[in-house]
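So this one's run-v6.txt, compact mmCIF, C-alpha atoms:
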```txt
# COMPACT_ATOMS: atom_id res chain seq x y z
CA MET N 1 -14.02 24.82 31.32
CA VAL N 2 -17.33 22.96 31.30
CA GLU N 3 -17.71 23.57 27.56
CA GLN N 4 -14.18 22.30 26.92
CA ASN N 5 -14.90 19.15 28.92
CA MET N 6 -18.11 18.58 26.95
CA GLU N 7 -16.26 19.02 23.67
CA MET N 8 -13.58 16.57 24.82
CA LEU N 9 -16.24 14.02 25.77
CA ASP N 10 -17.92 14.49 22.39
CA HIS N 11 -14.59 13.90 20.60
CA LEU N 12 -13.89 10.79 22.66
CA SER N 13 -17.38 9.47 22.01
CA GLU N 14 -16.97 10.08 18.28
CA LEU N 15 -13.54 8.44 18.29
CA ARG N 16 -14.93 5.40 20.13
CA LYS N 17 -17.70 5.13 17.56
CA ARG N 18 -15.20 5.16 14.65
CA ILE N 19 -12.95 2.59 16.36
CA ILE N 20 -15.91 0.26 16.98
CA ILE N 21 -16.94 0.48 13.32
CA VAL N 22 -13.40 -0.32 12.14
CA LEU N 23 -12.99 -3.21 14.60
CA GLY N 24 -16.42 -4.58 13.70
CA SER N 25 -15.56 -4.42 10.00
CA PHE N 26 -12.26 -6.18 10.60
CA ILE N 27 -13.88 -8.97 12.63
CA LEU N 28 -16.61 -9.47 10.03
CA SER N 29 -14.04 -9.52 7.20
CA PHE N 30 -11.89 -11.95 9.18
CA VAL N 31 -14.80 -14.37 9.72
CA VAL N 32 -15.78 -14.27 6.04
CA SER N 33 -12.14 -14.69 4.96
CA PHE N 34 -11.68 -17.63 7.33
CA ILE N 35 -14.74 -19.36 5.86
CA PHE N 36 -13.13 -19.21 2.40
CA VAL N 37 -9.51 -19.45 3.58
CA ARG N 38 -8.89 -22.80 1.90
CA ASP N 39 -9.95 -21.42 -1.50
CA ILE N 40 -7.81 -18.31 -0.93
CA TYR N 41 -4.82 -20.46 0.03
CA GLU N 42 -5.16 -22.62 -3.09
CA TRP N 43 -5.36 -19.49 -5.26
CA LEU N 44 -2.24 -18.00 -3.69
CA ILE N 45 -0.15 -21.12 -4.40
CA LYS N 46 -1.71 -22.07 -7.75
CA ASP N 47 1.41 -21.04 -9.68
CA LEU N 48 3.77 -22.85 -7.30
CA ASP N 49 5.06 -26.14 -8.69
CA MET N 50 5.39 -27.76 -5.27
CA GLN N 51 3.41 -28.30 -2.12
CA LEU N 52 4.34 -26.24 0.91
CA THR N 53 5.78 -28.20 3.83
CA ILE N 54 4.53 -27.75 7.39
CA LEU N 55 6.66 -28.72 10.39
CA GLY N 56 3.88 -29.21 12.93
CA PRO N 57 0.08 -29.50 13.23
CA MET N 58 -0.29 -25.97 14.65
CA ASP N 59 1.29 -24.56 11.49
CA ILE N 60 -1.95 -25.24 9.62
CA LEU N 61 -3.93 -23.04 12.01
CA TRP N 62 -1.25 -20.34 11.90
CA ILE N 63 -1.38 -20.31 8.09
CA PHE N 64 -5.16 -20.01 7.95
CA PHE N 65 -5.25 -17.27 10.62
CA SER N 66 -2.47 -15.32 8.89
CA ILE N 67 -4.16 -15.44 5.49
CA ALA N 68 -7.56 -14.50 6.94
CA GLY N 69 -5.95 -11.67 8.90
CA LEU N 70 -4.21 -10.22 5.83
CA ILE N 71 -7.37 -10.39 3.74
CA ALA N 72 -9.37 -8.80 6.56
CA PHE N 73 -6.84 -5.97 6.85
CA ALA N 74 -6.98 -5.28 3.11
CA ALA N 75 -10.78 -5.29 3.18
CA THR N 76 -10.91 -3.01 6.24
CA LEU N 77 -8.37 -0.48 4.91
CA PRO N 78 -10.85 1.65 2.88
CA ILE N 79 -13.27 1.62 5.83
CA LEU N 80 -10.45 2.75 8.14
CA LEU N 81 -9.52 5.62 5.83
CA PHE N 82 -13.14 6.69 5.49
CA GLN N 83 -13.69 6.63 9.26
CA ILE N 84 -10.57 8.77 9.76
CA TRP N 85 -11.95 11.23 7.23
CA LEU N 86 -15.32 11.32 9.00
CA PHE N 87 -13.58 11.98 12.32
CA VAL N 88 -11.53 14.96 11.07
CA ARG N 89 -14.21 16.33 8.70
CA PRO N 90 -15.70 18.83 11.21
CA ALA N 91 -12.32 20.59 11.39
CA LEU N 92 -11.99 20.91 7.60
CA THR N 93 -13.22 23.60 5.25
CA LYS N 94 -15.61 22.74 2.42
CA GLN N 95 -12.74 22.74 -0.08
CA GLU N 96 -10.51 20.62 2.17
CA THR N 97 -13.38 18.18 2.75
CA ARG N 98 -13.86 17.60 -0.98
CA VAL N 99 -10.13 17.29 -1.70
CA THR N 100 -9.36 14.92 1.17
CA LEU N 101 -12.32 12.71 0.25
CA MET N 102 -10.82 12.26 -3.20
CA TYR N 103 -7.57 10.99 -1.65
CA ILE N 104 -9.26 7.94 -0.11
CA PRO N 105 -10.22 6.00 -3.29
CA ALA N 106 -7.04 7.20 -5.02
CA SER N 107 -4.90 5.88 -2.17
CA LEU N 108 -6.70 2.54 -2.22
CA LEU N 109 -6.36 2.16 -6.00
CA LEU N 110 -2.65 2.95 -5.89
CA PHE N 111 -2.17 0.54 -2.98
CA LEU N 112 -3.92 -2.26 -4.87
CA GLY N 113 -2.05 -1.36 -8.06
CA GLY N 114 1.28 -1.70 -6.27
CA LEU N 115 0.27 -5.03 -4.75
CA SER N 116 -0.86 -6.32 -8.16
CA PHE N 117 2.35 -5.22 -9.85
CA GLY N 118 4.47 -6.88 -7.19
CA TYR N 119 2.43 -10.09 -7.17
CA PHE N 120 1.81 -10.61 -10.88
CA VAL N 121 5.00 -9.11 -12.36
CA VAL N 122 7.88 -8.98 -9.88
CA LEU N 123 7.14 -12.07 -7.77
CA PRO N 124 7.15 -14.65 -10.63
CA ILE N 125 10.36 -13.20 -12.08
CA VAL N 126 12.20 -13.20 -8.76
CA LEU N 127 10.93 -16.64 -7.73
CA ASN N 128 11.84 -18.25 -11.06
CA PHE N 129 15.28 -16.65 -10.96
CA LEU N 130 16.01 -17.91 -7.45
CA LEU N 131 14.76 -21.42 -8.23
CA THR N 132 16.80 -21.54 -11.43
CA LEU N 133 19.88 -20.38 -9.51
CA GLY N 134 19.94 -23.57 -7.44
CA ASP N 135 18.38 -25.93 -10.00
CA GLY N 136 19.82 -29.46 -9.67
CA MET N 137 21.89 -28.53 -6.63
CA PHE N 138 19.34 -28.64 -3.81
CA GLN N 139 16.10 -30.33 -2.86
CA THR N 140 13.67 -27.42 -2.73
CA MET N 141 11.02 -27.33 0.00
CA PHE N 142 9.17 -24.23 1.18
CA THR N 143 7.43 -23.83 4.50
CA PRO N 144 4.31 -21.63 4.41
CA ASP N 145 5.73 -18.99 6.74
CA ARG N 146 8.91 -18.58 4.67
CA TYR N 147 6.97 -18.54 1.39
CA PHE N 148 4.40 -15.97 2.50
CA GLN N 149 7.10 -13.81 4.06
CA PHE N 150 8.79 -13.85 0.66
CA VAL N 151 5.50 -12.91 -1.04
CA LEU N 152 5.02 -9.98 1.33
CA ARG N 153 8.56 -8.72 0.71
CA MET N 154 7.94 -8.80 -3.04
CA THR N 155 4.56 -7.02 -2.91
CA VAL N 156 4.23 -4.67 0.09
CA PRO N 157 7.17 -2.39 -0.91
CA PHE N 158 5.48 -1.73 -4.26
CA SER N 159 2.14 -0.96 -2.63
CA ILE N 160 4.00 1.72 -0.62
CA LEU N 161 6.04 3.03 -3.55
CA PHE N 162 2.93 3.35 -5.71
CA GLU N 163 1.58 5.89 -3.21
CA LEU N 164 4.30 8.33 -4.35
CA PRO N 165 2.07 10.44 -6.65
CA LEU N 166 -0.52 10.88 -3.91
CA VAL N 167 2.11 11.82 -1.32
CA VAL N 168 3.64 14.35 -3.71
CA MET N 169 0.23 15.91 -4.40
CA PHE N 170 -0.48 16.18 -0.68
CA LEU N 171 2.91 17.73 0.14
CA THR N 172 2.51 20.16 -2.77
CA SER N 173 -0.89 21.26 -1.49
CA LEU N 174 0.74 21.95 1.90
CA GLY N 175 3.49 23.99 0.22
CA LEU N 176 6.29 21.68 1.41
CA ILE N 177 7.49 20.80 -2.09
CA THR N 178 7.12 22.29 -5.58
CA PRO N 179 7.27 20.78 -9.09
CA TYR N 180 10.34 22.93 -9.76
CA GLY N 181 12.15 21.30 -6.87
CA LEU N 182 11.15 17.85 -8.13
CA ARG N 183 12.51 18.65 -11.59
CA LYS N 184 15.70 20.15 -10.16
CA ASN N 185 16.36 17.01 -8.08
CA ARG N 186 15.32 14.60 -10.82
CA LYS N 187 18.80 13.10 -11.19
CA TYR N 188 19.00 12.35 -7.48
CA ALA N 189 15.54 10.83 -7.59
CA PHE N 190 16.53 8.61 -10.53
CA PHE N 191 19.61 7.47 -8.63
CA ALA N 192 17.41 6.58 -5.63
CA ILE N 193 15.02 4.71 -7.93
CA VAL N 194 17.89 2.67 -9.37
CA VAL N 195 19.19 1.83 -5.88
CA VAL N 196 15.74 0.78 -4.64
CA SER N 197 15.13 -1.28 -7.80
CA VAL N 198 18.43 -3.13 -7.44
CA LEU N 199 17.75 -3.85 -3.76
CA ILE N 200 14.26 -5.33 -4.24
CA SER N 201 14.85 -7.20 -7.52
CA PRO N 202 17.11 -10.15 -8.38
CA PRO N 203 20.61 -9.37 -9.68
CA ASP N 204 19.90 -9.47 -13.39
CA PHE N 205 19.50 -6.62 -15.86
CA ILE N 206 16.00 -7.49 -17.11
CA SER N 207 14.47 -7.65 -13.63
CA ASP N 208 16.07 -4.33 -12.69
CA ILE N 209 14.62 -2.68 -15.80
CA LEU N 210 11.15 -4.09 -15.09
CA VAL N 211 11.24 -2.38 -11.69
CA ILE N 212 13.00 0.85 -12.72
CA ILE N 213 10.59 1.67 -15.57
CA PRO N 214 7.33 1.80 -13.53
CA LEU N 215 9.01 3.67 -10.66
CA THR N 216 10.39 6.23 -13.12
CA ILE N 217 6.95 6.64 -14.68
CA LEU N 218 5.49 7.16 -11.20
CA TYR N 219 8.04 9.88 -10.47
CA GLU N 220 7.32 11.70 -13.74
CA LEU N 221 3.59 11.36 -13.07
CA SER N 222 4.19 12.83 -9.62
CA ILE N 223 5.89 15.88 -11.16
CA TRP N 224 2.97 16.40 -13.54
CA LEU N 225 0.39 16.10 -10.77
CA SER N 226 2.47 18.38 -8.54
CA SER N 227 2.45 21.02 -11.31
CA ILE N 228 -1.36 20.90 -11.50
CA ILE N 229 -1.77 21.23 -7.72
CA TYR N 230 0.86 23.99 -7.56
CA LYS N 231 -0.76 26.09 -10.32
CA LYS N 232 -4.16 25.82 -8.65
CA LYS N 233 -2.63 26.73 -5.31
CA MET N 234 -0.90 29.81 -6.75
CA ALA N 235 -4.04 30.92 -8.60
CA LYS N 236 -6.09 30.63 -5.41
CA GLU N 237 -3.53 32.67 -3.44
CA GLN N 238 -3.53 35.40 -6.11
CA LEU N 239 -7.31 35.63 -5.98
CA ALA N 240 -7.16 35.87 -2.20
CA GLU N 241 -4.83 38.86 -2.47
```
Let me see the file written as structure tokens.
Amino acid sequence: MVEQNMEMLDHLSELRKRIIIVLGSFILSFVVSFIFVRDIYEWLIKDLDMQLTILGPMDILWIFFSIAGLIAFAATLPILLFQIWLFVRPALTKQETRVTLMYIPASLLLFLGGLSFGYFVVLPIVLNFLLTLGDGMFQTMFTPDRYFQFVLRMTVPFSILFELPLVVMFLTSLGLITPYGLRKNRKYAFFAIVVVSVLISPPDFISDILVIIPLTILYELSIWLSSIIYKKKMAKEQLAE
């Protein structure tokens, strides 16, 4: 009982240490982001042909805090993942330690790739389409909160969807899915991709295609990566026998 209590205290102490590191990194990133928040704001709206409209003096502070907070979260994300890995590492085997460590940079790259695709490809197309839809009919004014909510809706879903290959690899390594199952259900997956693409893109054929193509490529890449993980898993189990 005494040993169990000591182990529990050690785990809590280790967890507190990891939380403090993550919180410290977030606060430091937030302060640095807030120092350069005006430059970040101007970069985010550089392609917008109008000035954003605020409805009150406190909106300025809300905008700056929101931007600094988002930048701080993005900067802290790899540190958070690494601290989680350090916390669970003692319970992992040598092989699991090496494999899980590889997932951290891969997850971050896919996350940033999805954000970049949404921001640089999908966002301009959707925004131009919506503005053209009401051209000459309305006086267009955007408030910062509405505009940045729109930006998040056009970027965050892609950062999540781009994690698909990594999720498939992880589930394959756990034995929950196989590449054969992914191939067998390919038609259902393509249908889901089309539905998702139509929901998050404007109602025109070109925009739908621009979203469907990368998601389809991601699914096919997921099948290929799943095959590699599955073959290695089967070979390792045969050697164990």
Choose the residue, out of N:Thr97, N:Thr143, N:Thr76, N:Ser107, that has the smallest atom-to-atom separation from Thr53 (chain N); count only C-alpha atoms.
->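 Of N:Thr97, N:Thr143, N:Thr76, N:Ser107, the one nearest Thr53 (chain N) is N:Thr143, counting only C-alpha atoms.
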Pairwise distance for CA of Ser29 (chain N) and CA of Ala72 (chain N), rounded to one decimal in Å | 4.8 Å
Which distance in Å separates CA of Gly118 (chain N) and CA of Val156 (chain N), to one decimal?
->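 Distance reported for this atom pair: 7.6 Å.
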Taking (-1.8, 7.1, -9.1) in the file's coordinates, which residues come within 8 Å, counting only C-alpha atoms, written as a list in words?
-> Ala106, Ser107, Leu109, Leu110, Phe162, Glu163, Leu164, Pro165, Leu166, Leu218 and Leu221 of chain N
Could you write out that same residue set with C-alpha atoms as a PDB file, in the frame of the given file?
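Done, and the output landed in out-v2.pdb:
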```
ATOM      1  CA  ALA N 106      -7.040   7.200  -5.020  1.00  0.00           C
ATOM      2  CA  SER N 107      -4.900   5.880  -2.170  1.00  0.00           C
ATOM      3  CA  LEU N 109      -6.360   2.160  -6.000  1.00  0.00           C
ATOM      4  CA  LEU N 110      -2.650   2.950  -5.890  1.00  0.00           C
ATOM      5  CA  PHE N 162       2.930   3.350  -5.710  1.00  0.00           C
ATOM      6  CA  GLU N 163       1.580   5.890  -3.210  1.00  0.00           C
ATOM      7  CA  LEU N 164       4.300   8.330  -4.350  1.00  0.00           C
ATOM      8  CA  PRO N 165       2.070  10.440  -6.650  1.00  0.00           C
ATOM      9  CA  LEU N 166      -0.520  10.880  -3.910  1.00  0.00           C
ATOM     10  CA  LEU N 218       5.490   7.160 -11.200  1.00  0.00           C
ATOM     11  CA  LEU N 221       3.590  11.360 -13.070  1.00  0.00           C
TER      12      LEU N 221
END
```
How many Å lie between CA of Leu239 (chain N) and CA of Thr172 (chain N), rounded to one decimal?
->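 Distance between the two atoms: 18.6 Å.
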So that I can see what lies close to Tyr219 (chain N), please list as a CSV table (one decimal) with C-alpha atoms, in the coordinates of the input the residues with an atom at most 9 Å from it, counting all atoms listed in the file and leaving out residues fewer than 2 positions away in the same chain.
```csv
chain,number,residue,atom,x,y,z
N,164,LEU,CA,4.3,8.3,-4.4
N,165,PRO,CA,2.1,10.4,-6.6
N,182,LEU,CA,11.2,17.8,-8.1
N,186,ARG,CA,15.3,14.6,-10.8
N,189,ALA,CA,15.5,10.8,-7.6
N,190,PHE,CA,16.5,8.6,-10.5
N,214,PRO,CA,7.3,1.8,-13.5
N,215,LEU,CA,9.0,3.7,-10.7
N,216,THR,CA,10.4,6.2,-13.1
N,217,ILE,CA,7.0,6.6,-14.7
N,221,LEU,CA,3.6,11.4,-13.1
N,222,SER,CA,4.2,12.8,-9.6
N,223,ILE,CA,5.9,15.9,-11.2
N,224,TRP,CA,3.0,16.4,-13.5
```
Excluding same-chain residues fewer than 6 positions from region 15-27 of chain N, what lies within 10 Å of it counting all atoms listed in the file, as a list in words?
-> Leu9, Ser33, Gly69, Ile71, Ala72, Phe73, Ala74, Ala75, Thr76, Leu77, Pro78, Ile79, Leu80, Leu81, Phe82, Gln83, Ile84, Leu86, Phe87 and Val88 of chain N
From N:Tyr230, N:Phe30, N:Phe65, N:Trp85, residue lying nearest Tyr103 (chain N) [all atoms listed in the file] |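 Once distances to Tyr103 (chain N) are computed over all atoms listed in the file, the minimum belongs to N:Trp85.
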